[in-house]
Amino acid sequence: MKKILAIVFSLSILISCDFISNTLTYENTTQSFIDTLLKEEYDKSLEFMSLENEAFNKSNVDSLKLGLATFRKIIDSNFGDELNYKFITANKTFSTVEGESTAPNTTKAQVEFSNNQEFGVLEITFDDSNNKILYIRTLDIKEKIPNMTLFWAFGILALFIPIFNIWVIRKIKKSDLQKKWIKYITVIFLNVPAVSFSAINGLSVSLLSFQILFGISFSYMGYLNSIWSFGLPLGGIYWLWKLHKKGKENSDSVIVDEMQNTE
């Protein structure tokens, strides 16, 4: 059993390292492709595309260059020709629903691009055999770059929730309560409703959303997916109240005993 776990762990490490390496390649390839495209260097742009893939069997170079020129015009007219890039995510989707799975031997990635005022998102399908581009498009997103000061300020507020929950758990551990593990689970999982702050959409409340990791969650994948969330720590508040109540009862009991002994 230990050998199997060791093999699984080793494979997971190798896959993770390979995935991280690929994500860096995806961002660099996308940036190089768009930069050459904006300079109208279409021959160089084609070097970043997986032209040997069967998807391009019926395509000719002139048609591809015409498509690239159209794509260039869309980006340049909306965002200009001096852009910054940031990798957001890469994934493979397996689904029993037809059309929802990622094509075999491909990976779908998203890369954010921006000028000094606005940003958009590119969705790129990469050929796994060479990590070159098979298909690229812009998502229907054109948003102003948000002020991230409020986002990080909200994050500082959100961090107080896990600190509070950990403090309550430590108090439970030091107490004489029975079945402490049940109390721990309550504190960790019972954080509801959830209050969220998105860099793009601002503040929102989800009444039936539980934040199970000590009451907080965080996402930072481009401006579009930058979100802090925390849950109201109902479990922690409840057990803090119970500990306070128990401590008061014990204190009252001690006072009564002292009065009886005095008599």
# chains A, B, ... in the order shown; residues from 1 in each chain; ligands from 1
call {"tool": "select_by_dssp", "arguments": {"residues": "range 7-228 of chain A", "states": "alpha helix (DSSP H)", "output": "MDAnalysis selection string"}}
result
chainID A and resid 7:38 42:46 61:79 148:174 180:189
call {"tool": "closest_atom_pairs", "arguments": {"of": "range 67-162 of chain A", "to": "range 22-31 of chain A", "cutoff": "9 Å", "atoms": "only C-alpha atoms", "output": "tab-separated table"}}
result
residue	atom	partner	partner_atom	distance
A:Leu83	CA	A:Gln31	CA	8.9
A:Asn84	CA	A:Gln31	CA	8.3
A:Tyr85	CA	A:Gln31	CA	6.6
A:Lys86	CA	A:Glu27	CA	7.0
A:Phe87	CA	A:Glu27	CA	5.5
A:Ile88	CA	A:Glu27	CA	9.0
A:Thr89	CA	A:Thr23	CA	8.0
A:Ala90	CA	A:Thr23	CA	7.0
A:Ala109	CA	A:Tyr26	CA	7.6
A:Gln110	CA	A:Glu27	CA	8.9
A:Val111	CA	A:Glu27	CA	6.7
A:Phe113	CA	A:Gln31	CA	8.8
A:Leu122	CA	A:Thr30	CA	8.8
A:Ile124	CA	A:Thr30	CA	8.1
A:Phe126	CA	A:Tyr26	CA	7.9
A:Asn131	CA	A:Tyr26	CA	7.1
A:Lys132	CA	A:Thr29	CA	7.4
A:Ile133	CA	A:Thr29	CA	8.1
call {"tool": "residues_around", "arguments": {"residues": "range 194-209 of chain A", "least_positions_apart": "2", "cutoff": "12 Å", "atoms": "only C-alpha atoms", "output": "VMD selection string"}}
result
chain A and resid 118 to 119 141 to 158 161 189 to 192 211 to 212 215 to 234
call {"tool": "write_last_selection", "arguments": {"atoms": "C-alpha atoms", "output": "mmCIF file, in the first residue's frame"}}
result
data_model
loop_
_atom_site.group_PDB
_atom_site.id
_atom_site.type_symbol
_atom_site.label_atom_id
_atom_site.label_comp_id
_atom_site.auth_asym_id
_atom_site.auth_seq_id
_atom_site.Cartn_x
_atom_site.Cartn_y
_atom_site.Cartn_z
ATOM 1 C CA GLU A 118 -9.071 48.183 -20.228
ATOM 2 C CA PHE A 119 -8.624 44.431 -20.399
ATOM 3 C CA ILE A 141 -15.180 40.934 -22.484
ATOM 4 C CA LYS A 142 -13.986 44.517 -22.450
ATOM 5 C CA GLU A 143 -13.830 45.949 -18.940
ATOM 6 C CA LYS A 144 -12.115 48.862 -17.288
ATOM 7 C CA ILE A 145 -9.125 47.884 -15.164
ATOM 8 C CA PRO A 146 -10.456 47.959 -11.585
ATOM 9 C CA ASN A 147 -8.974 49.733 -8.597
ATOM 10 C CA MET A 148 -7.363 46.846 -6.712
ATOM 11 C CA THR A 149 -6.888 48.867 -3.514
ATOM 12 C CA LEU A 150 -10.452 48.114 -2.378
ATOM 13 C CA PHE A 151 -9.982 44.467 -3.339
ATOM 14 C CA TRP A 152 -6.925 44.015 -1.109
ATOM 15 C CA ALA A 153 -8.492 46.074 1.688
ATOM 16 C CA PHE A 154 -11.463 43.692 1.685
ATOM 17 C CA GLY A 155 -8.981 40.819 1.821
ATOM 18 C CA ILE A 156 -7.527 42.160 5.072
ATOM 19 C CA LEU A 157 -11.055 42.202 6.522
ATOM 20 C CA ALA A 158 -11.696 38.668 5.284
ATOM 21 C CA ILE A 161 -12.540 35.323 9.921
ATOM 22 C CA PHE A 189 -17.755 24.382 8.208
ATOM 23 C CA LEU A 190 -20.547 26.543 9.630
ATOM 24 C CA ASN A 191 -19.632 29.865 8.021
ATOM 25 C CA VAL A 192 -22.730 31.252 6.314
ATOM 26 C CA GLN A 211 -17.297 28.910 3.277
ATOM 27 C CA ILE A 212 -15.870 25.666 4.627
ATOM 28 C CA GLY A 215 -14.620 30.669 6.644
ATOM 29 C CA ILE A 216 -12.646 32.128 3.750
ATOM 30 C CA SER A 217 -11.894 31.585 0.065
ATOM 31 C CA PHE A 218 -9.726 33.484 -2.370
ATOM 32 C CA SER A 219 -9.233 33.560 -6.133
ATOM 33 C CA TYR A 220 -6.691 35.638 -8.026
ATOM 34 C CA MET A 221 -6.771 34.696 -11.706
ATOM 35 C CA GLY A 222 -6.762 37.919 -13.657
ATOM 36 C CA TYR A 223 -9.026 40.865 -12.933
ATOM 37 C CA LEU A 224 -12.130 38.939 -13.972
ATOM 38 C CA ASN A 225 -11.644 36.130 -11.465
ATOM 39 C CA SER A 226 -10.197 38.030 -8.516
ATOM 40 C CA ILE A 227 -12.587 37.342 -5.642
ATOM 41 C CA TRP A 228 -12.444 37.316 -1.835
ATOM 42 C CA SER A 229 -15.235 35.560 0.061
ATOM 43 C CA PHE A 230 -15.852 35.007 3.754
ATOM 44 C CA GLY A 231 -18.696 33.453 5.678
ATOM 45 C CA LEU A 232 -20.235 34.765 8.865
ATOM 46 C CA PRO A 233 -18.587 32.510 11.508
ATOM 47 C CA LEU A 234 -21.800 31.196 13.072
#
call {"tool": "select_by_dssp", "arguments": {"residues": "range 86-226 of chain A", "states": "strand (DSSP E or B)", "output": "number ranges by chain"}}
result
A: 86-91, 106-114, 118-127, 132-138, 143-144, 194-198, 202-206, 216-221, 225-226
call {"tool": "residues_around", "arguments": {"residues": "range 35-38 of chain A", "least_positions_apart": "5", "cutoff": "8 Å", "atoms": "only C-alpha atoms", "output": "ChimeraX atom specification"}}
result
/A:44-45,68-69,72,76,81
call {"tool": "write_last_selection", "arguments": {"atoms": "N, CA and C atoms", "output": "CSV table (one decimal), in the first residue's frame"}}
result
chain,number,residue,atom,x,y,z
A,44,LYS,N,5.6,35.1,-39.1
A,44,LYS,CA,6.1,34.8,-37.8
A,44,LYS,C,4.9,34.3,-36.9
A,45,SER,N,3.8,34.9,-37.1
A,45,SER,CA,2.6,34.5,-36.3
A,45,SER,C,2.2,33.0,-36.5
A,68,LEU,N,-5.9,36.0,-39.9
A,68,LEU,CA,-5.1,36.6,-38.9
A,68,LEU,C,-5.2,38.2,-39.0
A,69,ALA,N,-5.3,38.7,-40.2
A,69,ALA,CA,-5.4,40.1,-40.4
A,69,ALA,C,-6.8,40.6,-39.8
A,72,ARG,N,-6.4,40.5,-36.0
A,72,ARG,CA,-5.5,41.6,-35.6
A,72,ARG,C,-6.3,42.9,-35.6
A,76,ASP,N,-6.6,45.3,-32.3
A,76,ASP,CA,-6.0,46.7,-32.4
A,76,ASP,C,-7.1,47.8,-32.2
A,81,ASP,N,-2.2,48.5,-29.7
A,81,ASP,CA,-1.1,47.5,-30.1
A,81,ASP,C,0.0,47.4,-29.0
call {"tool": "atom_distance", "arguments": {"atom1": "CA of Ala55 in chain A", "atom2": "CA of Ser114 in chain A"}}
result
29.6 Å
